[in-house]
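Below: the structure, in structure tokens.
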Amino acid sequence: MSTMRAVEGWTVKPLERFVNEAGARLTLLMTPAGQVLAQFGFTRAVDVMAAAALGAAIVSSTAEIARLLEEPQFSALNHQGLRHGIFVAGFDSPRGRLLALVVYGTNSSVGLVQLFFEDFVRDLIAACPVPEERRPVLAEDFERELNQSLASLFRS
Amino acid sequence: MSLVNFSAREITCKIVYYGPGRSGKTTNLHYIYGRVPADRRGTMVSLATQTDRTLFFDFLPIELGTISGFATRFQLYSVPGQVYYNATRKLVLQGADGVVFVADSQARQLDENIESLQNLQANLLEQGVDVRAVPLVLQYNKQDLPPELILQQNELDDALNFRGLPSVPADALSGRGVFETLKAISALVLRRLSQESPK
Amino acid sequence: MDRGADAVTGIRFRRLLDQVTRVRGVRGALLVAGEDGLVVAEAVMEGVRANAVAALTGSLARRMRRTADAAGIGFPHFLHLQATTGAICAVPAADGTLVVAIADAEVNVGLLRLALLKVAEVMA
């Protein structure tokens, strides 16, 4: 079963290529607010959201440290564990700033991830379409369904 | 900014619980976590100090269900309330689709509430967002305390709610008002999606 | 930060790499953190992508180590990749560093191997 999911189709091919080449176990592509655009390797959507929130928090807090140090911006950060490493990096794209969180195991390395990350960013920027006109999302009468959903959520 | 996946028909929205220190933001999230079935929520992530004060944020993802054919997820965040954590508060506020302002109903906390509300306004403005453009719900927490210690809803509305926003009296520890608050902010956030296109 | 100590380390690494680059036909030499695949020190000619060579050689060395292990032939001492217009040779040092050389196809592999082994011995 493929564990790759993308909110926006243009991210799929670059992501596939990246995880294959870099040997990444998990990868998240997200906005600085922690909204996930594409993911590889996670099985539960809610786990993805938690990882994205934490990944975005890492980038946000290091950006603040950069500001205190009067550094322009840290481009990437790596944490090395015993069995896993995490690599977090940000980059600018036609869709604004995006972040990636990559988890790699002993079959890869920070060097490999870093190396193929450059290609990943290039591929994403090349594939990124011009933002199109968006349309209203929800029907006007969504509230009845919302009330039902919330009631079932709280078992009330 | 809500993330809408048109092909998979999914919506993800970010809701931030804001307010002064110890007003009950984390308690709201804990109550929701305890009441929502496990298959419709994720793990609650808390970046807290050793004394359980929120250091960076608390985070709880929940699956609301299908609305207008879209599987709808909410990411609930709470910020640290203490004044000196403003830097992290700003970070968590980034990209919020809606804000729940959790006020402490105790009369002696009124100044802290006002200060925190002003801080919310300033932090949003710093991100180029007008507070009037963000869906906002006020929750008056700790209404279970003795009447002589707290302000009533109308008094708190007078002090904090100049714009006639939805306000909910609550006792987050027992859960009173928590659901109503979530319902009110959900309706406001989703109403936006039904009226205007997401950016 | 002790900049003096850094400079001494830099000079030391440079001298070690010189022992490899002085072999005729060598285009570049690298000290690579084996597990991370990151460049520790480099002396390469223009056009050689040191970080790419480091990351990929690190990966190759790890796989070769597993291969040797699976085959029951012990720990690899010397890796030699012969390509159409050149070669990559690497020797793992005992401290986890990989001593890598990028060379022309006609390089004297025996001589290069000796140079790499000597550096690896010093690194250990």
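Lettering and numbering for the structure tokens are positional, with chains as A, B, ... in the shown order, residues counted from 1 in each chain, and ligands counted from 1 in the shown order.
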Self-check item: Contact residues around range 47-63 of chain B with only C-alpha atoms at 9 Å, ignoring same-chain residues under 3 positions, as a PyMOL selection string
Solution: (chain A and resi 46-47+49-50+53+57+153) or (chain B and resi 21-22+26+29-30+32-33+36+39-44+66+71-82+85+88-89+91-92)
Quiz item: Within 12 Å of chain A, which residues of chain C show up when using only C-alpha atoms, listed as an MDAnalysis selection string?
Solution: chainID C and resid 32:40 49:66
Quiz prompt | strand (DSSP E or B) per DSSP on the backbone: members of chain C, as a ChimeraX atom specification | solution = /C:26-33,38-44,79-82,86-92,97-104
For the residues selected in the previous step, produce a file with C-alpha atoms as a compact mmCIF listing (two decimals), in the first residue's frame.
# COMPACT_ATOMS: atom_id res chain seq x y z
CA VAL C 26 44.21 12.14 -8.66
CA ARG C 27 41.60 14.90 -9.19
CA GLY C 28 40.60 15.29 -5.61
CA ALA C 29 40.68 13.86 -2.12
CA LEU C 30 38.12 14.02 0.67
CA LEU C 31 37.75 13.13 4.29
CA VAL C 32 34.14 12.13 4.76
CA ALA C 33 32.19 11.50 7.97
CA LEU C 38 29.30 14.89 5.00
CA VAL C 39 32.59 16.44 3.90
CA VAL C 40 35.07 16.88 6.77
CA ALA C 41 37.92 18.21 4.60
CA GLU C 42 38.42 18.46 0.88
CA ALA C 43 41.06 19.18 -1.72
CA VAL C 44 39.38 18.81 -5.09
CA LEU C 79 36.74 0.22 -2.16
CA HIS C 80 37.52 0.74 -5.82
CA LEU C 81 34.91 1.90 -8.33
CA GLN C 82 36.22 1.94 -11.88
CA GLY C 86 37.81 7.76 -13.94
CA ALA C 87 37.79 5.97 -10.64
CA ILE C 88 36.76 6.46 -7.05
CA CYS C 89 38.76 4.78 -4.32
CA ALA C 90 37.98 4.86 -0.63
CA VAL C 91 39.45 3.50 2.57
CA PRO C 92 37.48 3.47 5.82
CA THR C 97 36.07 8.62 8.62
CA LEU C 98 36.24 7.65 4.99
CA VAL C 99 39.31 8.69 3.00
CA VAL C 100 38.17 9.15 -0.59
CA ALA C 101 40.02 9.86 -3.83
CA ILE C 102 38.62 10.78 -7.23
CA ALA C 103 41.06 9.92 -9.97
CA ASP C 104 41.55 9.58 -13.73
Practice problem: Compute the chain B side of the contact with chain A at 6 Å, counting only C-alpha atoms, and hand it back as a list in words. | Solution: Asn5, Arg35, Val36, Gly42, Leu64, Gly65, Ile67, Ser68, Gln94, Gly95, Leu193, Ser194, Glu196 and Ser197 of chain B
Requested write-out: C-alpha atoms of the selected residues, as a CSV table (one decimal), in the first residue's frame:
chain,number,residue,atom,x,y,z
B,5,ASN,CA,-7.7,19.4,-1.1
B,35,ARG,CA,-14.6,13.6,25.0
B,36,VAL,CA,-13.8,12.9,21.3
B,42,GLY,CA,-4.9,12.4,17.1
B,64,LEU,CA,-15.0,16.9,12.4
B,65,GLY,CA,-16.6,14.7,9.8
B,67,ILE,CA,-19.3,18.8,5.7
B,68,SER,CA,-20.6,19.7,2.2
B,94,GLN,CA,0.8,32.2,12.1
B,95,GLY,CA,-1.8,31.0,9.6
B,193,LEU,CA,-15.2,29.1,3.4
B,194,SER,CA,-18.8,29.1,2.1
B,196,GLU,CA,-15.2,33.4,0.0
B,197,SER,CA,-12.6,31.5,-1.8
Quiz item: Could you pull the residues within 10 Å of Arg17 in chain A, counting only C-alpha atoms, minus those fewer than 5 positions along the same chain, as a ChimeraX atom specification?
Solution: /A:12,22-23,116,119-120,123
Just-selected residues, C-alpha atoms written as an mmCIF file, in the first residue's frame:
data_model
loop_
_atom_site.group_PDB
_atom_site.id
_atom_site.type_symbol
_atom_site.label_atom_id
_atom_site.label_comp_id
_atom_site.auth_asym_id
_atom_site.auth_seq_id
_atom_site.Cartn_x
_atom_site.Cartn_y
_atom_site.Cartn_z
ATOM 1 C CA VAL A 12 3.811 13.906 -6.146
ATOM 2 C CA ALA A 22 17.447 9.959 -0.477
ATOM 3 C CA GLY A 23 16.111 6.808 1.160
ATOM 4 C CA PHE A 116 18.885 15.150 -2.912
ATOM 5 C CA ASP A 119 17.135 18.451 -6.404
ATOM 6 C CA PHE A 120 13.787 18.091 -4.608
ATOM 7 C CA ASP A 123 11.898 19.824 -9.023
#
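Across the model, the gap from CA of Val23 in chain C to CA of Pro76 in chain C is 22.5 Å.
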Quiz item: In chain B, what's helix (DSSP H, G or I) per DSSP? Answer as a PyMOL selection string?
Solution: chain B and resi 25-35+38-40+83-93+107-126+131-133+153-160+178-195
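Once Val134 in chain B and its same-chain neighbours fewer than 3 positions away are set aside, B:Asp97, B:Gly98, B:Val99, B:Val129, B:Asp130, B:Val131 remain within 8 Å of it when counting only C-alpha atoms.
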Practice problem: Name the residues in contact with Ile125 in chain A at a cut-off of 9 Å, using only C-alpha atoms, excluding same-chain residues fewer than 5 positions from it; report them as a list in words. | Solution: Asp92, Ser93, Pro94, Arg95 and Phe120 of chain A
Neighbour list for Met4 in chain A as a PDB file with N, CA and C atoms, in the first residue's frame, cut-off 10 Å, only C-alpha atoms, skip fewer than 3 positions in-chain:
ATOM      1  N   MET A   1       0.851  -1.202   0.000  1.00  0.00           N
ATOM      2  CA  MET A   1       0.000   0.000   0.000  1.00  0.00           C
ATOM      3  C   MET A   1       0.885   1.250   0.000  1.00  0.00           C
ATOM      4  N   VAL A  12       3.619  15.358  -6.242  1.00  0.00           N
ATOM      5  CA  VAL A  12       3.811  13.906  -6.146  1.00  0.00           C
ATOM      6  C   VAL A  12       5.117  13.433  -6.771  1.00  0.00           C
ATOM      7  N   LEU A  15       8.285  14.456  -5.006  1.00  0.00           N
ATOM      8  CA  LEU A  15       8.364  13.783  -3.701  1.00  0.00           C
ATOM      9  C   LEU A  15       8.765  12.313  -3.884  1.00  0.00           C
ATOM     10  N   GLU A  16       8.156  11.663  -4.871  1.00  0.00           N
ATOM     11  CA  GLU A  16       8.492  10.245  -5.137  1.00  0.00           C
ATOM     12  C   GLU A  16       9.981  10.103  -5.431  1.00  0.00           C
ATOM     13  N   LEU A  26      10.174   8.947   6.144  1.00  0.00           N
ATOM     14  CA  LEU A  26       8.981   9.791   6.217  1.00  0.00           C
ATOM     15  C   LEU A  26       9.354  11.152   5.654  1.00  0.00           C
ATOM     16  N   THR A  27       8.440  11.733   4.923  1.00  0.00           N
ATOM     17  CA  THR A  27       8.675  13.095   4.446  1.00  0.00           C
ATOM     18  C   THR A  27       7.367  13.877   4.477  1.00  0.00           C
ATOM     19  N   LEU A  28       7.457  15.090   4.932  1.00  0.00           N
ATOM     20  CA  LEU A  28       6.302  15.986   4.939  1.00  0.00           C
ATOM     21  C   LEU A  28       6.674  17.257   4.213  1.00  0.00           C
ATOM     22  N   ALA A  38       1.869  17.604   1.156  1.00  0.00           N
ATOM     23  CA  ALA A  38       2.110  16.241   0.681  1.00  0.00           C
ATOM     24  C   ALA A  38       2.876  15.490   1.755  1.00  0.00           C
ATOM     25  N   GLN A  39       2.688  14.179   1.760  1.00  0.00           N
ATOM     26  CA  GLN A  39       3.405  13.386   2.762  1.00  0.00           C
ATOM     27  C   GLN A  39       3.742  12.014   2.223  1.00  0.00           C
ATOM     28  N   PHE A  40       4.800  11.466   2.746  1.00  0.00           N
ATOM     29  CA  PHE A  40       5.172  10.091   2.411  1.00  0.00           C
ATOM     30  C   PHE A  40       5.483   9.342   3.703  1.00  0.00           C
ATOM     31  N   GLY A  41       4.931   8.165   3.823  1.00  0.00           N
ATOM     32  CA  GLY A  41       5.336   7.270   4.897  1.00  0.00           C
ATOM     33  C   GLY A  41       4.433   7.200   6.104  1.00  0.00           C
ATOM     34  N   PHE A  42       3.578   8.196   6.291  1.00  0.00           N
ATOM     35  CA  PHE A  42       2.689   8.171   7.453  1.00  0.00           C
ATOM     36  C   PHE A  42       1.426   7.381   7.107  1.00  0.00           C
ATOM     37  N   THR A  43       0.863   6.709   8.078  1.00  0.00           N
ATOM     38  CA  THR A  43      -0.358   5.958   7.797  1.00  0.00           C
ATOM     39  C   THR A  43      -1.606   6.663   8.333  1.00  0.00           C
TER      40      THR A  43
END
Self-check item: Atom pair CA of Ala170 in chain B / CA of Asn141 in chain B: separation (Å)
Solution: 4.6 Å
